[in-house]
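Okay, entry_7.cif is below, mmCIF, C-alpha atoms and all ligand atoms:
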```
data_final
#
loop_
_atom_site.label_atom_id
_atom_site.label_comp_id
_atom_site.auth_asym_id
_atom_site.auth_seq_id
_atom_site.Cartn_x
_atom_site.Cartn_y
_atom_site.Cartn_z
CA MET E 1 0.00 0.00 0.00
CA LYS E 2 1.27 3.48 -0.81
CA ASP E 3 2.57 5.64 2.04
CA ASN E 4 -0.30 7.96 2.97
CA ARG E 5 1.92 11.01 3.47
CA PHE E 6 2.80 13.33 0.56
CA ILE E 7 6.27 12.16 -0.46
CA THR E 8 8.73 14.39 -2.32
CA LEU E 9 11.89 12.92 -3.84
CA ALA E 10 14.45 15.60 -4.68
CA PHE E 11 17.84 15.89 -6.40
CA GLU E 12 20.58 18.49 -5.85
CA SER E 13 23.76 18.46 -7.97
CA SER E 14 24.60 22.13 -8.55
CA CYS E 15 28.21 21.96 -7.36
CA ASP E 16 30.25 19.18 -5.77
CA GLU E 17 27.60 17.39 -3.69
CA THR E 18 25.45 14.65 -5.19
CA ALA E 19 22.41 14.79 -2.94
CA VAL E 20 19.07 12.97 -2.92
CA ALA E 21 16.41 13.36 -0.24
CA VAL E 22 13.02 11.95 0.63
CA VAL E 23 10.75 14.35 2.53
CA ALA E 24 7.20 13.75 3.82
CA ASP E 25 4.56 16.49 3.81
CA GLY E 26 7.09 19.15 2.85
CA ARG E 27 9.07 19.35 6.07
CA GLN E 28 9.67 15.92 7.58
CA VAL E 29 13.00 14.50 6.42
CA LEU E 30 12.93 10.73 5.89
CA ALA E 31 16.32 10.55 4.17
CA ASN E 32 18.91 13.17 3.21
CA VAL E 33 21.84 11.41 1.53
CA ILE E 34 24.85 13.47 0.42
CA SER E 35 27.80 12.12 -1.51
CA SER E 36 30.46 14.82 -1.25
CA GLN E 37 33.33 15.25 -3.69
CA ILE E 38 35.31 17.42 -1.26
CA GLU E 39 38.07 14.80 -0.85
CA ILE E 40 38.58 14.69 -4.64
CA PHE E 41 38.76 18.47 -5.01
CA LYS E 42 41.18 18.95 -2.12
CA ASN E 43 43.87 17.82 -4.59
CA TYR E 44 42.87 20.52 -7.07
CA GLY E 45 42.35 23.36 -4.58
CA GLY E 46 38.79 23.87 -5.82
CA VAL E 47 35.96 22.35 -7.83
CA VAL E 48 36.75 21.32 -11.42
CA PRO E 49 33.36 21.50 -13.20
CA GLU E 50 33.92 18.68 -15.71
CA ILE E 51 35.17 16.30 -13.03
CA ALA E 52 32.25 17.21 -10.74
CA ALA E 53 29.76 16.38 -13.50
CA ARG E 54 31.40 13.00 -14.13
CA HIS E 55 31.24 12.10 -10.45
CA HIS E 56 27.59 13.12 -10.23
CA LEU E 57 26.88 10.81 -13.15
CA GLU E 58 28.74 7.92 -11.51
CA ASN E 59 27.08 8.41 -8.12
CA ILE E 60 23.54 9.60 -8.60
CA ASN E 61 21.80 6.25 -9.02
CA TYR E 62 23.50 4.86 -5.91
CA VAL E 63 22.59 7.95 -3.89
CA LEU E 64 18.99 7.63 -5.11
CA ASP E 65 18.83 3.96 -4.09
CA GLN E 66 20.31 4.76 -0.69
CA ALA E 67 17.87 7.60 -0.04
CA LEU E 68 14.85 5.43 -0.82
CA ALA E 69 16.27 2.57 1.28
CA GLU E 70 16.92 4.89 4.26
CA ALA E 71 13.38 6.26 3.98
CA GLY E 72 12.06 2.69 3.85
CA LEU E 73 10.12 3.57 0.68
CA THR E 74 10.11 2.74 -3.02
CA LEU E 75 9.36 4.87 -6.08
CA ASP E 76 5.75 3.65 -5.77
CA ASP E 77 5.40 5.85 -2.68
CA VAL E 78 6.65 9.04 -4.31
CA ASP E 79 4.17 11.84 -5.18
CA LEU E 80 6.47 14.56 -6.48
CA ILE E 81 9.93 14.97 -8.02
CA GLY E 82 11.94 18.11 -7.21
CA VAL E 83 15.31 19.15 -8.60
CA THR E 84 17.68 22.11 -8.54
CA GLU E 85 17.47 23.66 -12.01
CA GLY E 86 20.01 26.43 -11.33
CA PRO E 87 22.08 28.37 -10.70
CA GLY E 88 25.28 26.32 -10.54
CA LEU E 89 27.74 24.43 -12.70
CA VAL E 90 25.72 23.56 -15.76
CA GLY E 91 27.28 20.15 -16.39
CA ALA E 92 26.77 19.23 -12.74
CA LEU E 93 23.17 20.52 -12.70
CA LEU E 94 22.34 18.56 -15.86
CA ILE E 95 22.93 15.23 -14.12
CA GLY E 96 20.33 16.00 -11.44
CA VAL E 97 17.90 17.50 -13.95
CA ALA E 98 18.20 14.55 -16.38
CA THR E 99 17.75 12.03 -13.56
CA ALA E 100 14.75 13.89 -12.13
CA LYS E 101 13.12 14.12 -15.54
CA ALA E 102 13.74 10.43 -16.22
CA VAL E 103 12.12 9.35 -12.93
CA ALA E 104 9.21 11.78 -13.40
CA PHE E 105 8.61 10.50 -16.93
CA ALA E 106 8.96 6.80 -16.05
CA ARG E 107 6.59 7.12 -13.07
CA ASP E 108 4.30 9.77 -14.51
CA LEU E 109 4.98 12.08 -11.56
CA PRO E 110 4.79 15.88 -11.37
CA LEU E 111 8.14 17.66 -11.67
CA VAL E 112 9.21 20.92 -10.01
CA GLY E 113 12.40 22.88 -10.75
CA VAL E 114 13.85 24.68 -7.73
CA HIS E 115 16.08 27.75 -7.57
CA HIS E 116 19.09 26.76 -5.47
CA ILE E 117 18.78 29.82 -3.22
CA MET E 118 15.08 29.22 -2.55
CA GLY E 119 16.28 25.75 -1.49
CA HIS E 120 18.82 27.21 0.96
CA ILE E 121 16.09 29.41 2.47
CA ALA E 122 13.79 26.36 2.74
CA ALA E 123 16.38 24.56 4.91
CA ASN E 124 14.96 26.75 7.67
CA TYR E 125 11.42 25.38 7.21
CA ILE E 126 12.81 21.92 7.88
CA GLN E 127 14.75 23.01 10.93
CA PHE E 128 11.93 25.15 12.35
CA PRO E 129 8.51 23.53 11.75
CA ALA E 130 6.60 26.65 12.84
CA LEU E 131 8.52 29.14 10.65
CA GLU E 132 6.45 30.84 7.94
CA PRO E 133 7.13 33.76 5.60
CA PRO E 134 7.32 36.74 5.56
CA PHE E 135 10.81 37.31 6.96
CA THR E 136 14.15 38.91 6.07
CA ALA E 137 16.79 36.48 4.80
CA LEU E 138 20.56 36.72 4.65
CA ILE E 139 21.88 34.21 2.14
CA VAL E 140 25.62 33.55 2.29
CA SER E 141 27.09 30.71 0.26
CA GLY E 142 29.98 29.86 -2.05
CA GLY E 143 28.16 31.33 -5.03
CA HIS E 144 25.73 33.86 -3.54
CA THR E 145 25.43 36.73 -1.10
CA ASN E 146 22.00 38.30 -0.85
CA ILE E 147 19.67 40.07 1.48
CA ALA E 148 16.08 39.26 0.57
CA ASP E 149 12.55 40.10 1.59
CA VAL E 150 10.98 36.62 1.58
CA ASP E 151 7.31 37.46 1.20
CA SER E 152 5.97 33.97 0.48
CA TYR E 153 7.12 30.34 0.24
CA THR E 154 7.86 30.74 -3.47
CA THR E 155 8.71 34.41 -4.01
CA CYS E 156 11.04 37.05 -2.65
CA ARG E 157 12.48 40.45 -3.45
CA VAL E 158 16.22 40.87 -3.49
CA LEU E 159 17.32 43.96 -1.58
CA GLY E 160 21.03 43.50 -2.14
CA SER E 161 23.61 41.22 -3.72
CA THR E 162 27.36 40.96 -4.01
CA ARG E 163 28.82 42.92 -6.89
CA ASP E 164 31.83 40.61 -7.17
CA ASP E 165 32.83 37.65 -4.96
CA ALA E 166 30.34 35.80 -2.78
CA VAL E 167 31.17 35.54 0.94
CA GLY E 168 32.05 31.83 0.72
CA GLU E 169 34.18 32.53 -2.33
CA ALA E 170 36.08 35.19 -0.36
CA TYR E 171 36.62 32.69 2.47
CA ASP E 172 37.86 30.05 0.00
CA LYS E 173 40.19 32.49 -1.79
CA VAL E 174 41.67 33.90 1.41
CA ALA E 175 42.14 30.36 2.73
CA ARG E 176 44.09 29.51 -0.43
CA VAL E 177 46.24 32.61 0.00
CA LEU E 178 46.93 31.54 3.60
CA GLY E 179 47.78 28.02 2.41
CA LEU E 180 44.91 26.40 4.31
CA GLY E 181 43.53 24.24 1.49
CA TYR E 182 40.00 23.54 0.22
CA PRO E 183 37.27 24.16 1.26
CA GLY E 184 38.50 27.27 2.98
CA GLY E 185 35.42 28.37 4.91
CA PRO E 186 35.53 25.75 7.68
CA LYS E 187 39.37 26.06 7.90
CA ILE E 188 39.25 29.84 8.40
CA ASP E 189 36.39 29.36 10.87
CA ALA E 190 38.54 27.02 12.99
CA LEU E 191 41.79 28.98 12.69
CA ALA E 192 40.11 32.34 13.39
CA SER E 193 38.95 31.09 16.78
CA GLU E 194 42.63 31.06 17.85
CA GLY E 195 43.39 34.52 16.45
CA ASP E 196 42.84 38.17 17.39
CA PRO E 197 40.12 39.75 15.20
CA GLN E 198 41.57 43.22 15.92
CA ALA E 199 45.15 42.31 14.95
CA VAL E 200 44.97 43.68 11.39
CA HIS E 201 42.43 46.26 10.25
CA PHE E 202 41.06 45.31 6.84
CA LYS E 203 38.79 47.92 5.25
CA ARG E 204 35.03 47.35 5.72
CA VAL E 205 33.35 47.91 2.36
CA TYR E 206 29.83 49.33 2.69
CA LEU E 207 29.46 50.85 -0.83
CA GLU E 208 26.93 53.68 -1.24
CA LYS E 209 24.98 54.90 1.77
CA ASP E 210 21.91 52.73 2.35
CA SER E 211 23.02 50.17 -0.23
CA TYR E 212 22.35 46.53 0.64
CA ASP E 213 24.90 45.39 -1.95
CA PHE E 214 28.26 43.89 -1.03
CA SER E 215 31.79 43.77 -2.39
CA PHE E 216 34.39 41.33 -1.11
CA SER E 217 37.00 41.09 -3.87
CA GLY E 218 39.02 43.99 -2.41
CA LEU E 219 39.27 42.16 0.89
CA LYS E 220 41.01 39.19 -0.69
CA THR E 221 43.49 41.61 -2.34
CA ALA E 222 44.00 43.40 0.99
CA VAL E 223 44.89 40.09 2.68
CA LEU E 224 47.28 39.28 -0.15
CA ASN E 225 48.91 42.73 0.07
CA HIS E 226 49.24 42.39 3.83
CA LEU E 227 50.97 39.03 3.45
CA ASN E 228 53.31 40.29 0.71
CA SER E 229 54.31 43.36 2.67
CA ALA E 230 54.91 41.33 5.84
CA ARG E 231 57.08 38.89 3.85
CA GLN E 232 59.06 41.74 2.30
CA LYS E 233 59.68 43.25 5.73
CA ARG E 234 60.51 39.73 7.01
CA GLU E 235 57.87 40.12 9.69
CA GLU E 236 56.42 37.06 11.32
CA ILE E 237 53.04 36.08 9.85
CA ASN E 238 50.39 34.99 12.32
CA ARG E 239 47.85 33.17 10.15
CA ALA E 240 45.30 32.85 12.95
CA ASP E 241 45.34 36.64 13.48
CA ILE E 242 44.93 37.25 9.74
CA ALA E 243 42.09 34.70 9.49
CA ALA E 244 40.32 36.28 12.49
CA SER E 245 40.83 39.82 11.18
CA PHE E 246 39.58 38.91 7.69
CA GLN E 247 36.56 37.19 9.20
CA GLN E 248 35.80 40.19 11.40
CA ALA E 249 35.86 42.53 8.38
CA VAL E 250 33.37 40.28 6.55
CA LEU E 251 31.07 39.64 9.49
CA GLU E 252 30.76 43.25 10.56
CA VAL E 253 29.50 44.29 7.11
CA ILE E 254 27.11 41.39 6.52
CA CYS E 255 25.68 41.60 10.04
CA ASP E 256 25.25 45.39 9.88
CA LYS E 257 23.39 45.21 6.57
CA ALA E 258 21.27 42.18 7.49
CA ILE E 259 20.17 43.68 10.80
CA LYS E 260 19.41 47.03 9.15
CA ALA E 261 17.25 45.28 6.53
CA ALA E 262 15.47 43.17 9.15
CA VAL E 263 14.65 46.25 11.24
CA GLU E 264 13.55 48.20 8.16
CA LEU E 265 11.29 45.43 6.84
CA GLY E 266 9.79 45.02 10.28
CA TYR E 267 8.86 41.33 10.19
CA GLY E 268 10.72 40.69 13.44
CA LYS E 269 12.38 37.62 11.95
CA LEU E 270 15.82 37.14 10.39
CA VAL E 271 16.63 33.88 8.60
CA LEU E 272 20.18 32.84 7.76
CA ALA E 273 20.85 30.48 4.84
CA GLY E 274 23.66 29.01 2.72
CA GLY E 275 26.93 27.22 3.37
CA VAL E 276 28.55 30.14 5.25
CA ALA E 277 25.64 30.02 7.73
CA ALA E 278 27.61 27.12 9.22
CA ASN E 279 30.25 29.66 10.34
CA SER E 280 30.48 29.69 14.12
CA ALA E 281 31.48 33.37 14.48
CA LEU E 282 28.64 34.50 12.18
CA ARG E 283 26.13 32.45 14.16
CA ARG E 284 27.40 33.97 17.42
CA GLU E 285 27.55 37.55 16.13
CA LEU E 286 24.10 37.50 14.55
CA GLY E 287 22.70 35.84 17.66
CA ALA E 288 23.97 38.67 19.85
CA ARG E 289 22.83 41.41 17.48
CA CYS E 290 19.34 39.95 16.99
CA ALA E 291 18.91 39.63 20.75
CA GLU E 292 19.87 43.29 21.10
CA LYS E 293 17.29 44.38 18.50
CA GLY E 294 14.52 42.01 19.64
CA LEU E 295 14.65 40.05 16.37
CA GLU E 296 13.97 36.34 16.23
CA LEU E 297 16.91 34.59 14.52
CA PHE E 298 16.64 31.33 12.57
CA ILE E 299 19.73 29.36 11.54
CA PRO E 300 19.64 25.77 10.26
CA SER E 301 21.90 23.13 11.79
CA PRO E 302 25.30 23.11 9.99
CA ALA E 303 24.39 19.97 7.98
CA LEU E 304 21.31 21.70 6.56
CA CYS E 305 23.29 24.90 5.78
CA THR E 306 25.48 23.34 3.10
CA ASP E 307 24.07 21.82 -0.09
CA ASN E 308 21.58 18.99 0.48
CA GLY E 309 18.51 17.47 -1.13
CA ALA E 310 16.07 17.98 1.75
CA MET E 311 16.04 21.75 1.30
CA ILE E 312 15.27 21.26 -2.42
CA ALA E 313 12.44 18.81 -1.61
CA CYS E 314 10.90 21.31 0.81
CA ALA E 315 11.09 24.20 -1.68
CA ALA E 316 9.67 21.93 -4.43
CA TYR E 317 6.73 20.96 -2.19
CA TYR E 318 5.66 24.58 -1.70
CA LYS E 319 6.02 25.36 -5.42
CA TYR E 320 3.92 22.31 -6.24
CA LYS E 321 1.21 23.45 -3.82
CA GLU E 322 0.99 26.67 -5.85
CA GLY E 323 0.79 24.72 -9.12
CA LYS E 324 4.26 25.85 -10.25
CA THR E 325 5.27 22.62 -11.98
CA ALA E 326 7.69 22.12 -14.87
CA ASP E 327 7.47 19.95 -17.95
CA LEU E 328 10.02 17.62 -19.46
CA TYR E 329 11.56 20.52 -21.42
CA MET E 330 12.95 21.86 -18.15
CA ASP E 331 16.66 22.69 -18.55
CA ALA E 332 19.61 23.35 -16.28
CA HIS E 333 20.70 27.00 -15.97
CA ALA E 334 24.14 28.19 -14.93
CA SER E 335 22.62 31.51 -13.91
CA LEU E 336 19.03 32.00 -12.94
CA PRO E 337 17.54 35.12 -11.36
CA PHE E 338 15.47 34.25 -8.31
CA ALA E 339 13.72 37.55 -7.90
CA GLU E 340 13.63 41.02 -9.30
CA LYS E 341 15.80 43.53 -7.50
CA LYS E 342 13.73 46.01 -5.56
O1 LIG B 401 25.87 26.61 0.15
P1 LIG B 401 27.10 25.90 -0.19
O2 LIG B 401 27.26 24.48 0.28
O3 LIG B 401 27.33 25.89 -1.73
C1 LIG B 401 26.92 26.93 -2.54
O4 LIG B 401 25.70 27.01 -2.86
O5 LIG B 401 27.81 27.76 -2.87
O6 LIG B 401 28.28 26.80 0.36
C2 LIG B 401 29.62 26.43 0.25
C3 LIG B 401 30.47 27.56 0.81
C4 LIG B 401 31.95 27.37 0.57
O7 LIG B 401 32.49 28.58 0.08
C5 LIG B 401 32.48 27.07 1.97
O8 LIG B 401 33.81 27.50 2.16
C6 LIG B 401 31.52 27.84 2.85
O9 LIG B 401 30.26 27.66 2.25
N1 LIG B 401 31.49 27.35 4.23
C7 LIG B 401 31.89 28.09 5.29
C8 LIG B 401 31.78 27.25 6.43
N2 LIG B 401 31.30 26.05 6.01
C9 LIG B 401 31.12 26.13 4.66
N3 LIG B 401 32.35 29.36 5.36
C10 LIG B 401 32.69 29.83 6.57
N4 LIG B 401 32.62 29.08 7.71
C11 LIG B 401 32.18 27.81 7.69
N5 LIG B 401 32.11 27.09 8.81
ZN ZN B 402 24.42 26.02 -2.03
#
```

structure tokens encoding of this file:
Amino acid sequence: MKDNRFITLAFESSCDETAVAVVADGRQVLANVISSQIEIFKNYGGVVPEIAARHHLENINYVLDQALAEAGLTLDDVDLIGVTEGPGLVGALLIGVATAKAVAFARDLPLVGVHHIMGHIAANYIQFPALEPPFTALIVSGGHTNIADVDSYTTCRVLGSTRDDAVGEAYDKVARVLGLGYPGGPKIDALASEGDPQAVHFKRVYLEKDSYDFSFSGLKTAVLNHLNSARQKREEINRADIAASFQQAVLEVICDKAIKAAVELGYGKLVLAGGVAANSALRRELGARCAEKGLELFIPSPALCTDNGAMIACAAYYKYKEGKTADLYMDAHASLPFAEKK
């Protein structure tokens, strides 16, 4: 007999994680299997798109089988197929999209394409069963940095975006410059906890007054210049101090802008999303600032912050409820706007 809950099966393959999840009634995770390629890309110092796509292709059927087995279900129980359609590495995305379309076609199931960022936001619905839009969201990942007014489960207005590097990208680049390896975010997070955040003053970039946009590429150059000048002067380099000082320069700006937006929008709720939401200093700093301003703060557990299938399943469920389904012509998109800028 078919499972009487509404079962969503979802695929996420936008970067270097092959992820398949089974979620009941939109928010209850029955399985969330992630096959990470991080070990492979440590040798390259970053993700190589063609290699990522090949690994997705090799792994996806096994990850699908494992997800269904962990959920204790079969394809007969599934009601909906969800998949990340973009943005991301197009070759990597195509593996998830092709697999999702094949299963939807073979089983005659509805198909929903999910914007990766809407997925990251939805990780919070899984973590906090009572959370509902509207709220202000700060999205910080390897590919994105946005402040958004999330006015419904399927729509939002972008208030600000990065004009160059994303926050996670800045972490990864600075980590490379410091010789910490890939992925840099968690390494800087750990090293920074041993350093002095006031040791080096890196410029805080706020852009125009009242702008919610960001710019982080200058910060990476500033770290590089600091290192080069210290080497030239034969000064001792304290990597923990540099990591902590870099992190402080990033966190101050993103926290200032996110809190300002949350106060201005007036929903009383700030939601953090994306891989960098796993950062311990960011979690602490936002926690303190939200408490000060009387804002309720939502942050997913670290495992739900980085790429996973459960967040895609949840976002797909809400799109499906609004009738926003795709057909078998759905394609993968390297870039995909998720909302109009205000
Ligand atoms: O959301 P995600 O898994 O992939 C994208 O959609 O981009 O985010 C990955 C990014 C990487 O840049 C990684 O270095 C960063 O999130 N990250 C962190 C931490 N954990 C992951 N950055 C800072 N601190 C962390 N603890
Ligand atoms: Zn992501």

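Taking all atoms listed in the file into account, Asn59 (chain E) lies nearest to E:Gly96 out of the set E:Gly96, E:Pro129, E:Gly274, E:Gly184.
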
Need to verify the contact set: Ile188 (chain E), 8 Å, only C-alpha atoms, exclusion of same-chain residues closer than 4 positions in sequence. Can you return it as JSON, numbers by chain? {"E": [171, 175, 180, 184, 192, 243, 244, 247]}

Take the residues from that selection and write them out as a compact mmCIF listing (two decimals), in the frame of the given file, keeping C-alpha atoms.
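Contents of out.txt, freshly written:
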```
# COMPACT_ATOMS: atom_id res chain seq x y z
CA TYR E 171 36.62 32.69 2.47
CA ALA E 175 42.14 30.36 2.73
CA LEU E 180 44.91 26.40 4.31
CA GLY E 184 38.50 27.27 2.98
CA ALA E 192 40.11 32.34 13.39
CA ALA E 243 42.09 34.70 9.49
CA ALA E 244 40.32 36.28 12.49
CA GLN E 247 36.56 37.19 9.20
```

What residues of the protein or nucleic acid chains come within 6 Å of ligand LIG 401 (chain B) when you use all atoms listed in the file? Reply as number ranges by chain. E: 141-143, 168-169, 171-172, 183-186, 189, 274-276, 278-279, 306-307

What are the closest atom pairs, with distances in Å to one decimal, for all residues of chain E lying within 12 Å of ligand ZN 402 (chain B)? Consider all atoms listed in the file, order rows by chain and residue number, and present the result as a tab-separated table.
```
residue	atom	partner	partner_atom	distance
E:Glu12	CA	B:ZN402	ZN	9.3
E:Ser13	CA	B:ZN402	ZN	9.6
E:Ser14	CA	B:ZN402	ZN	7.6
E:Cys15	CA	B:ZN402	ZN	7.7
E:Asp16	CA	B:ZN402	ZN	9.7
E:Glu17	CA	B:ZN402	ZN	9.3
E:Thr18	CA	B:ZN402	ZN	11.8
E:Ala19	CA	B:ZN402	ZN	11.4
E:Thr84	CA	B:ZN402	ZN	10.2
E:Gly86	CA	B:ZN402	ZN	10.3
E:Pro87	CA	B:ZN402	ZN	9.3
E:Gly88	CA	B:ZN402	ZN	8.6
E:Leu89	CA	B:ZN402	ZN	11.3
E:His115	CA	B:ZN402	ZN	10.2
E:His116	CA	B:ZN402	ZN	6.4
E:Ile117	CA	B:ZN402	ZN	6.9
E:Met118	CA	B:ZN402	ZN	9.9
E:Gly119	CA	B:ZN402	ZN	8.2
E:His120	CA	B:ZN402	ZN	6.5
E:Ile121	CA	B:ZN402	ZN	10.1
E:Ala122	CA	B:ZN402	ZN	11.7
E:Ala123	CA	B:ZN402	ZN	10.7
E:Ile139	CA	B:ZN402	ZN	9.5
E:Val140	CA	B:ZN402	ZN	8.8
E:Ser141	CA	B:ZN402	ZN	5.9
E:Gly142	CA	B:ZN402	ZN	6.8
E:Gly143	CA	B:ZN402	ZN	7.2
E:His144	CA	B:ZN402	ZN	8.1
E:Thr145	CA	B:ZN402	ZN	10.8
E:Ala166	CA	B:ZN402	ZN	11.5
E:Gly168	CA	B:ZN402	ZN	10.0
E:Glu169	CA	B:ZN402	ZN	11.7
E:Ala273	CA	B:ZN402	ZN	8.9
E:Gly274	CA	B:ZN402	ZN	5.7
E:Gly275	CA	B:ZN402	ZN	6.1
E:Val276	CA	B:ZN402	ZN	9.3
E:Ala277	CA	B:ZN402	ZN	10.6
E:Ala278	CA	B:ZN402	ZN	11.7
E:Ala303	CA	B:ZN402	ZN	11.7
E:Leu304	CA	B:ZN402	ZN	10.1
E:Cys305	CA	B:ZN402	ZN	8.0
E:Thr306	CA	B:ZN402	ZN	5.9
E:Asp307	CA	B:ZN402	ZN	4.6
E:Asn308	CA	B:ZN402	ZN	8.0
E:Gly309	CA	B:ZN402	ZN	10.4
E:Met311	CA	B:ZN402	ZN	10.0
E:Ile312	CA	B:ZN402	ZN	10.3
```

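Compared by their closest atoms to Asp213 (chain E), and using only C-alpha atoms, the residues E:Arg163, E:Arg234, E:Arg176, E:Lys260 rank with E:Arg163 nearest.
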
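Counting all atoms listed in the file, the residue from E:Tyr318, E:Phe11, E:Phe298, E:Phe202 that sits nearest to Ile81 (chain E) is E:Phe11.
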
Protein and nucleic acid residues near (47.4, 35.9, 8.8) (cut-off 12 Å, only C-alpha atoms) as a PyMOL selection string: chain E and resi 174-180+188+191-192+194-202+220+222-231+235-247

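Around Leu159 (chain E), within 12 Å and counting only C-alpha atoms, the residues found are Thr136, Ala137, Leu138, Ile139, Thr145, Asn146, Ile147, Ala148, Asp149, Val150, Cys156, Thr162, Asp210, Ser211, Tyr212, Asp213, Phe214, Lys257, Ala258, Lys260, Ala261, Ala262, Glu264, Leu265, Phe338, Ala339, Glu340, Lys341 and Lys342 of chain E, once anything fewer than 3 positions away on its own chain is removed.
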
Missing atoms of region 201-213 of chain E rebuilt to N, CA, C and O atoms, written as an mmCIF file, keeping the file's coordinate frame:
```
data_model
loop_
_atom_site.group_PDB
_atom_site.id
_atom_site.type_symbol
_atom_site.label_atom_id
_atom_site.label_comp_id
_atom_site.auth_asym_id
_atom_site.auth_seq_id
_atom_site.Cartn_x
_atom_site.Cartn_y
_atom_site.Cartn_z
ATOM 1 N N HIS E 201 43.699 45.625 10.647
ATOM 2 C CA HIS E 201 42.430 46.260 10.250
ATOM 3 C C HIS E 201 42.278 46.204 8.730
ATOM 4 O O HIS E 201 42.963 46.914 8.000
ATOM 5 N N PHE E 202 41.396 45.333 8.264
ATOM 6 C CA PHE E 202 41.060 45.310 6.840
ATOM 7 C C PHE E 202 39.837 46.194 6.631
ATOM 8 O O PHE E 202 38.913 46.191 7.457
ATOM 9 N N LYS E 203 39.866 46.937 5.504
ATOM 10 C CA LYS E 203 38.790 47.920 5.250
ATOM 11 C C LYS E 203 37.428 47.243 5.164
ATOM 12 O O LYS E 203 37.281 46.205 4.526
ATOM 13 N N ARG E 204 36.421 47.829 5.816
ATOM 14 C CA ARG E 204 35.030 47.350 5.720
ATOM 15 C C ARG E 204 34.409 48.057 4.524
ATOM 16 O O ARG E 204 34.394 49.298 4.492
ATOM 17 N N VAL E 205 33.884 47.297 3.579
ATOM 18 C CA VAL E 205 33.350 47.910 2.360
ATOM 19 C C VAL E 205 31.817 47.943 2.426
ATOM 20 O O VAL E 205 31.159 46.908 2.361
ATOM 21 N N TYR E 206 31.290 49.181 2.576
ATOM 22 C CA TYR E 206 29.830 49.330 2.690
ATOM 23 C C TYR E 206 29.173 49.826 1.402
ATOM 24 O O TYR E 206 27.973 49.861 1.295
ATOM 25 N N LEU E 207 29.987 50.273 0.428
ATOM 26 C CA LEU E 207 29.460 50.850 -0.830
ATOM 27 C C LEU E 207 28.642 52.106 -0.534
ATOM 28 O O LEU E 207 28.881 52.752 0.486
ATOM 29 N N GLU E 208 27.665 52.416 -1.410
ATOM 30 C CA GLU E 208 26.930 53.680 -1.240
ATOM 31 C C GLU E 208 26.082 53.628 0.039
ATOM 32 O O GLU E 208 25.652 52.556 0.457
ATOM 33 N N LYS E 209 25.820 54.811 0.579
ATOM 34 C CA LYS E 209 24.980 54.900 1.770
ATOM 35 C C LYS E 209 23.639 54.209 1.493
ATOM 36 O O LYS E 209 23.062 54.390 0.425
ATOM 37 N N ASP E 210 23.186 53.436 2.444
ATOM 38 C CA ASP E 210 21.910 52.730 2.350
ATOM 39 C C ASP E 210 21.882 51.580 1.347
ATOM 40 O O ASP E 210 20.836 50.976 1.122
ATOM 41 N N SER E 211 23.023 51.297 0.715
ATOM 42 C CA SER E 211 23.020 50.170 -0.230
ATOM 43 C C SER E 211 23.060 48.853 0.540
ATOM 44 O O SER E 211 23.753 48.719 1.549
ATOM 45 N N TYR E 212 22.290 47.872 0.054
ATOM 46 C CA TYR E 212 22.350 46.530 0.640
ATOM 47 C C TYR E 212 23.256 45.611 -0.181
ATOM 48 O O TYR E 212 23.300 44.411 0.058
ATOM 49 N N ASP E 213 23.967 46.192 -1.166
ATOM 50 C CA ASP E 213 24.900 45.390 -1.950
ATOM 51 C C ASP E 213 26.207 45.171 -1.174
ATOM 52 O O ASP E 213 26.474 45.860 -0.183
#
```
